[in-house]
Amino acid sequence: MTVVPAQQTGGGGGSSGLYDVLELVLDRGLVIDAFVRVSLVGIEILKIDIRVVVASVDTYLRFAEACNRLDLEAGPRKSPGLPEIVGEVTESGARGKSKGALSGAAETISDAFKQSREEASERETESRPRARKSTATRRKEEQE
Amino acid sequence: MSTYVYGITAVSHPALPEGMGGVGDPPRPVRILRQGELAAVVSDAPEGLRPKRRELLAHQNVLSEIGAAGCVLPMRFGSVAPDDDAVTGVLAERAEHYRERLHALDDRVEYNVKANHIEEAVLHHVMAGNPEIRALAEANRQSGGGAYEGKIRLGEMVAAAVKDRESEDGTALESALEGAADAVSVGPESTGWLANVSYLVKRETAEDFLAAVEQVRKDMPHLEVRLNGPLPPYSFVEPGPAEPAGTVAGGAETGTR
């Protein structure tokens with residue numbers, strides 16, 4: 001898509017970029033009271049995917065189930081320490097890689113605005129590798 | 001014929017996208033209305049304009065194009081003036097204000113950062129940090145999934161712990177990034193993110209800001225951090241309590257959260 005160096009957004013298709021900036025385009029920006037605004041009826045449909053921790057029985061049950069699954073996968077007691085260890089390994093192991101990613105990001109900034117014109121088609125965005133996609137996919141699967 | 005307004009910029013802007021396709025189907029060509037030192041980027045307003053995907057993208061694309069080459073005050077999507085004269089009238093009337101804003105935002109772009117917990121990871125953290133929750137989960141599992149009341153009690157405790165963790169991590173993320181930004185604007189809390197924060201960043205230091213975001217991703221691997229930008233400075237067009245005019249040091253004003 002357009003707006004943004006799409007590889008900096010996390011997961012989803014080309015529309016995720018628009019989705020993420022939607023509230024900026026709709027709710028921020030300059031307002032001039034001498035002008036009218038077009039009706040925004042129907043826009044609510046774009047505000048789905050809201051993940052708030054709602055205090056409800058459903059949420060409680062879902063968390064309880066999730067905790068059960070969590071232990072079954074990782075084994076009791078061992079699981080809690082795991083994320084930290086994994087985090088450390090990734091950090092030292094990926095230093096070289098992340099540096100490359102960073103200079104890539106810098107190029108992206110300078111190109112981002114230029115690209116917007118050509119990128120009306122979203123194909124390029126979608127064919128780019130997405131580092132964080134696996135996370136999003138996994139979460140989706142969990143929710144199902 | 002009413003006039004759709006995309007944004008306000010300076011007449012000295014080096015590359016105004018005159019003739020570019022704007023909103024509408026077929027896209028209405030973008031025009032420039034000049035008034036003194038200011039210029040409004042407009043097009044004809046199509047009849048029955050609706051907030052559809054392609055219209056939102058057209059609005060955003062025109063603004064990106066202006067923003068690529070200079071500073072722009074982006075209008076909120078859907079701003080329609082009765083006619084061209086009404087637009088130039090507003091420019092004339094509020095010239096000083098818009099000039100001041102353009103000056104304050106010159107060479108700066110907005111980055112929007114949204115973050116959520118990766119559920120599995122945050123549950124790990126919650127279990128790790130709370131022996132009581134761990135014990136209860138264990139007891140539930142040993143009784144073959146646990147009785148209904150047990151599950152509710154466990155879930156309630158987990159939900160509370162996750163919620164605490166959300167505000168903790170939201171604050172941590174916010175302060176980890178504010179040092180690399182010129183100004184900060186915290187978005188509405190109710191939209192389902194543990195953090196939804198816009199940062200105003202100087203173009204020449206954008207790399208530092210991106211590095212700070214990468215660092216956050218490393219330091220807080222249980223967060224899914226989504227970064228969008230560079231964007232026109234949507235969240236900084238008006239000076240407000242979250243972003244005083246002419247703010248230089250990022251951070252001091254974010255104590256409101």
# chains A, B, ... in the order shown; residues from 1 in each chain; ligands from 1

call {"tool": "residues_around", "arguments": {"residues": "region 150-159 of chain B", "least_positions_apart": "4", "cutoff": "6 Å", "atoms": "only C-alpha atoms", "output": "VMD selection string"}}
result
(chain A and resid 60 to 61 63 to 64) or (chain B and resid 146)

call {"tool": "closest_residue", "arguments": {"among": "B:Ala68, B:Leu194, B:Ala15, B:Ala161", "to": "chain A", "atoms": "only C-alpha atoms"}}
result
B:Ala68

call {"tool": "residues_around", "arguments": {"residues": "Asp208 (chain B)", "least_positions_apart": "2", "cutoff": "10 Å", "atoms": "only C-alpha atoms", "output": "JSON, numbers by chain"}}
result
{"A": [102, 106], "B": [177, 179, 180, 181, 201, 202, 203, 204, 205, 206, 210, 211, 212, 213, 214]}

call {"tool": "closest_residue", "arguments": {"among": "B:Tyr148, B:Arg165, B:Ala195, B:Gln35", "to": "Arg62 (chain A)", "atoms": "only C-alpha atoms"}}
result
B:Tyr148

call {"tool": "atom_distance", "arguments": {"atom1": "CA of Asp85 (chain B)", "atom2": "CA of Leu49 (chain B)"}}
result
20.7 Å

call {"tool": "residues_around", "arguments": {"residues": "Gly36 (chain B)", "least_positions_apart": "4", "cutoff": "10 Å", "atoms": "only C-alpha atoms", "output": "ChimeraX atom specification"}}
result
/B:10-11,88,91-92,95

call {"tool": "write_last_selection", "arguments": {"atoms": "C-alpha atoms", "output": "mmCIF file, in the first residue's frame"}}
result
data_model
loop_
_atom_site.group_PDB
_atom_site.id
_atom_site.type_symbol
_atom_site.label_atom_id
_atom_site.label_comp_id
_atom_site.auth_asym_id
_atom_site.auth_seq_id
_atom_site.Cartn_x
_atom_site.Cartn_y
_atom_site.Cartn_z
ATOM 1 C CA ALA B 10 3.267 26.799 2.025
ATOM 2 C CA VAL B 11 3.251 28.239 -1.516
ATOM 3 C CA THR B 88 -8.881 30.861 0.349
ATOM 4 C CA LEU B 91 -6.364 30.691 4.553
ATOM 5 C CA ALA B 92 -6.396 34.475 4.618
ATOM 6 C CA ALA B 95 -2.775 32.755 7.903
#

call {"tool": "atom_distance", "arguments": {"atom1": "CA of Ala40 (chain B)", "atom2": "CA of Asn196 (chain B)"}}
result
29.6 Å

call {"tool": "select_by_dssp", "arguments": {"residues": "region 2-212 of chain B", "states": "alpha helix (DSSP H)", "output": "MDAnalysis selection string"}}
result
chainID B and resid 53:69 84:93 95:104 119:128 131:142 148:178 206:212

call {"tool": "closest_residue", "arguments": {"among": "B:Glu18, B:Glu119, B:Glu100, B:Asp106", "to": "Asp182 (chain B)", "atoms": "only C-alpha atoms"}}
result
B:Asp106

call {"tool": "closest_residue", "arguments": {"among": "B:Leu136, B:Leu223, B:Ala147, B:Val23", "to": "Leu57 (chain B)", "atoms": "only C-alpha atoms"}}
result
B:Val23
